[in-house]
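**Student:** Below you'll find protein-v9.cif; it's mmCIF, C-alpha atoms.
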data_start
loop_
_atom_site.group_PDB
_atom_site.id
_atom_site.type_symbol
_atom_site.label_atom_id
_atom_site.label_comp_id
_atom_site.auth_asym_id
_atom_site.auth_seq_id
_atom_site.Cartn_x
_atom_site.Cartn_y
_atom_site.Cartn_z
ATOM 1 C CA MET A 1 -5.078 10.035 -7.841
ATOM 2 C CA SER A 2 -1.956 11.487 -9.430
ATOM 3 C CA THR A 3 1.480 9.934 -9.808
ATOM 4 C CA ASN A 4 4.403 11.345 -7.855
ATOM 5 C CA LYS A 5 6.846 11.874 -10.724
ATOM 6 C CA ARG A 6 9.838 12.532 -8.471
ATOM 7 C CA LEU A 7 9.449 9.184 -6.730
ATOM 8 C CA LEU A 8 8.763 7.447 -10.037
ATOM 9 C CA GLY A 9 12.020 8.791 -11.468
ATOM 10 C CA LYS A 10 13.901 7.664 -8.377
ATOM 11 C CA GLY A 11 12.492 4.146 -8.705
ATOM 12 C CA ILE A 12 13.417 3.968 -12.370
ATOM 13 C CA LYS A 13 16.965 5.058 -11.487
ATOM 14 C CA TYR A 14 17.203 2.140 -9.068
ATOM 15 C CA LEU A 15 16.013 -0.260 -11.759
ATOM 16 C CA THR A 16 18.458 1.086 -14.328
ATOM 17 C CA GLY A 17 21.255 0.652 -11.788
ATOM 18 C CA ALA A 18 20.246 -2.970 -11.292
ATOM 19 C CA LEU A 19 20.195 -3.786 -15.005
ATOM 20 C CA PRO A 20 23.981 -4.020 -15.557
ATOM 21 C CA LEU A 21 24.403 -5.981 -12.345
ATOM 22 C CA MET A 22 21.869 -8.539 -13.579
ATOM 23 C CA PHE A 23 24.233 -9.421 -16.416
ATOM 24 C CA LEU A 24 27.556 -8.809 -14.681
ATOM 25 C CA GLY A 25 26.920 -11.057 -11.661
ATOM 26 C CA PRO A 26 26.150 -14.333 -13.462
ATOM 27 C CA SER A 27 28.970 -13.660 -15.924
ATOM 28 C CA LEU A 28 31.449 -13.289 -13.090
ATOM 29 C CA ILE A 29 30.176 -16.424 -11.374
ATOM 30 C CA TYR A 30 30.493 -18.401 -14.611
ATOM 31 C CA ASN A 31 33.994 -17.030 -15.147
ATOM 32 C CA ALA A 32 34.992 -18.009 -11.617
ATOM 33 C CA PHE A 33 33.849 -21.595 -12.091
ATOM 34 C CA MET A 34 35.598 -21.866 -15.463
ATOM 35 C CA ASN A 35 38.917 -20.657 -14.006
ATOM 36 C CA GLN A 36 39.167 -22.714 -10.822
ATOM 37 C CA HIS A 37 42.851 -23.384 -11.433
ATOM 38 C CA THR A 38 43.829 -19.756 -10.679
ATOM 39 C CA ASN A 39 44.285 -18.150 -7.288
ATOM 40 C CA TRP A 40 41.712 -15.441 -8.052
ATOM 41 C CA HIS A 41 38.834 -17.948 -8.192
ATOM 42 C CA TYR A 42 37.325 -17.126 -4.791
ATOM 43 C CA LEU A 43 37.688 -13.371 -5.181
ATOM 44 C CA VAL A 44 35.898 -13.340 -8.550
ATOM 45 C CA LEU A 45 33.221 -15.682 -7.193
ATOM 46 C CA GLY A 46 32.642 -13.401 -4.202
ATOM 47 C CA ILE A 47 32.375 -10.323 -6.394
ATOM 48 C CA GLY A 48 29.876 -12.131 -8.643
ATOM 49 C CA ILE A 49 27.724 -13.179 -5.701
ATOM 50 C CA VAL A 50 27.773 -9.650 -4.277
ATOM 51 C CA ALA A 51 26.788 -8.265 -7.693
ATOM 52 C CA CYS A 52 23.825 -10.667 -7.908
ATOM 53 C CA LEU A 53 22.653 -9.876 -4.384
ATOM 54 C CA SER A 54 22.962 -6.126 -4.891
ATOM 55 C CA SER A 55 21.009 -6.430 -8.145
ATOM 56 C CA MET A 56 18.173 -8.176 -6.344
ATOM 57 C CA LEU A 57 18.227 -5.527 -3.604
ATOM 58 C CA LEU A 58 18.124 -2.671 -6.107
ATOM 59 C CA ILE A 59 15.227 -4.296 -7.976
ATOM 60 C CA PHE A 60 13.280 -4.727 -4.749
ATOM 61 C CA LEU A 61 13.896 -1.142 -3.647
ATOM 62 C CA GLY A 62 13.117 0.238 -7.106
ATOM 63 C CA LEU A 63 9.814 -1.607 -7.388
ATOM 64 C CA ARG A 64 8.858 -0.597 -3.857
ATOM 65 C CA ILE A 65 9.521 3.061 -4.646
ATOM 66 C CA ILE A 66 7.579 2.837 -7.915
ATOM 67 C CA MET A 67 4.584 1.294 -6.135
ATOM 68 C CA LYS A 68 4.768 4.051 -3.546
ATOM 69 C CA ALA A 69 4.789 6.662 -6.329
ATOM 70 C CA LEU A 70 1.856 5.124 -8.201
ATOM 71 C CA PHE A 71 -0.434 4.485 -5.269
ATOM 72 C CA ASN A 72 0.541 7.473 -3.034
ATOM 73 C CA ASP A 73 1.341 5.223 -0.105
#
For the file at hand, write its structure as structure tokens.
**Tutor:**
Amino acid sequence: MSTNKRLLGKGIKYLTGALPLMFLGPSLIYNAFMNQHTNWHYLVLGIGIVACLSSMLLIFLGLRIIMKALFND
């Protein structure tokens, strides 16, 4: 049973793409709640929520691809 290195690299790329979003999303959400007196509150909150959701999606896809590479599914 050998590992598919091409798929493993693709999965790691997904995970490295999710890493900045894991920190950026909660920071944007916190910033939006601290600055509720501005008009940009809802826009920054929406961007933060989208960043968190896309981070979770990239983590899920990355782990799924890595499992496929390891177990030749």
**Student:** Could I get the residues of region 9-36 of chain A with an atom no further than 12 Å from an atom of region 1-5 of chain A, each paired with its nearest atom pair and that distance in Å to one decimal, using only C-alpha atoms, sorted by chain and residue number, as JSON lines?
**Tutor:**
{"residue": "A:Gly9", "atom": "CA", "partner": "A:Lys5", "partner_atom": "CA", "distance": 6.1}
{"residue": "A:Lys10", "atom": "CA", "partner": "A:Lys5", "partner_atom": "CA", "distance": 8.5}
{"residue": "A:Gly11", "atom": "CA", "partner": "A:Lys5", "partner_atom": "CA", "distance": 9.8}
{"residue": "A:Ile12", "atom": "CA", "partner": "A:Lys5", "partner_atom": "CA", "distance": 10.4}
**Student:** As an exercise, work out the distance from CA of Leu8 (chain A) to CA of Gly48 (chain A) in Å and give it to one decimal place.
**Tutor:**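 Separation between CA of Leu8 (chain A) and CA of Gly48 (chain A): 28.8 Å.
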**Student:** Selected by the PyMOL selection byres ((chain A and resi 52) around 9) in the shown coordinates: which residues, as number ranges by chain?
**Tutor:** A: 21-26, 47-51, 53-57
**Student:** Can you work out which one of A:Met34, A:Ile59, A:Leu45, A:Leu70 has the shortest atom-to-atom distance to Leu15 (chain A), counting all atoms listed in the file?
**Tutor:** A:Ile59
**Student:** Report as AutoDock Vina command-line options the centre and the edge lengths, in Å to one decimal, of the axis-aligned box holding every listed atom of region 55-65 of chain A, padded by 3 Å on each side.
**Tutor:**
--center_x 14.9 --center_y -2.6 --center_z -5.9 --size_x 18.2 --size_y 17.2 --size_z 10.5
**Student:** Go ahead and compute the interatomic distance for CA of Thr16 (chain A) and CA of Phe71 (chain A), in Å to one decimal.
**Tutor:**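 Between CA of Thr16 (chain A) and CA of Phe71 (chain A) the gap is 21.2 Å.
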**Student:** Which distance in Å separates CA of Tyr42 (chain A) and CA of Tyr30 (chain A), to one decimal?
**Tutor:**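 Value for the CA of Tyr42 (chain A)-CA of Tyr30 (chain A) distance: 12.0 Å.
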**Student:** Smallest atom-to-atom distance to Asn72 (chain A): which of A:Phe60, A:Ala32, A:Leu7, A:Ser27, using only C-alpha atoms?
**Tutor:**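 Looking only at the distances to Asn72 (chain A), the closest residue turns out to be A:Leu7.
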**Student:** When distances are computed from only C-alpha atoms, which of A:His41, A:Leu61, A:Gly46, A:Lys68 shows the smallest separation from Gly17 (chain A)?
**Tutor:** A:Leu61
**Student:** With all atoms listed in the file as the basis for distance, which of A:Lys13, A:Leu28, A:Pro20, A:Leu63 is at the shortest distance from Trp40 (chain A)?
**Tutor:**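 Result for the nearest residue to Trp40 (chain A): A:Leu28.
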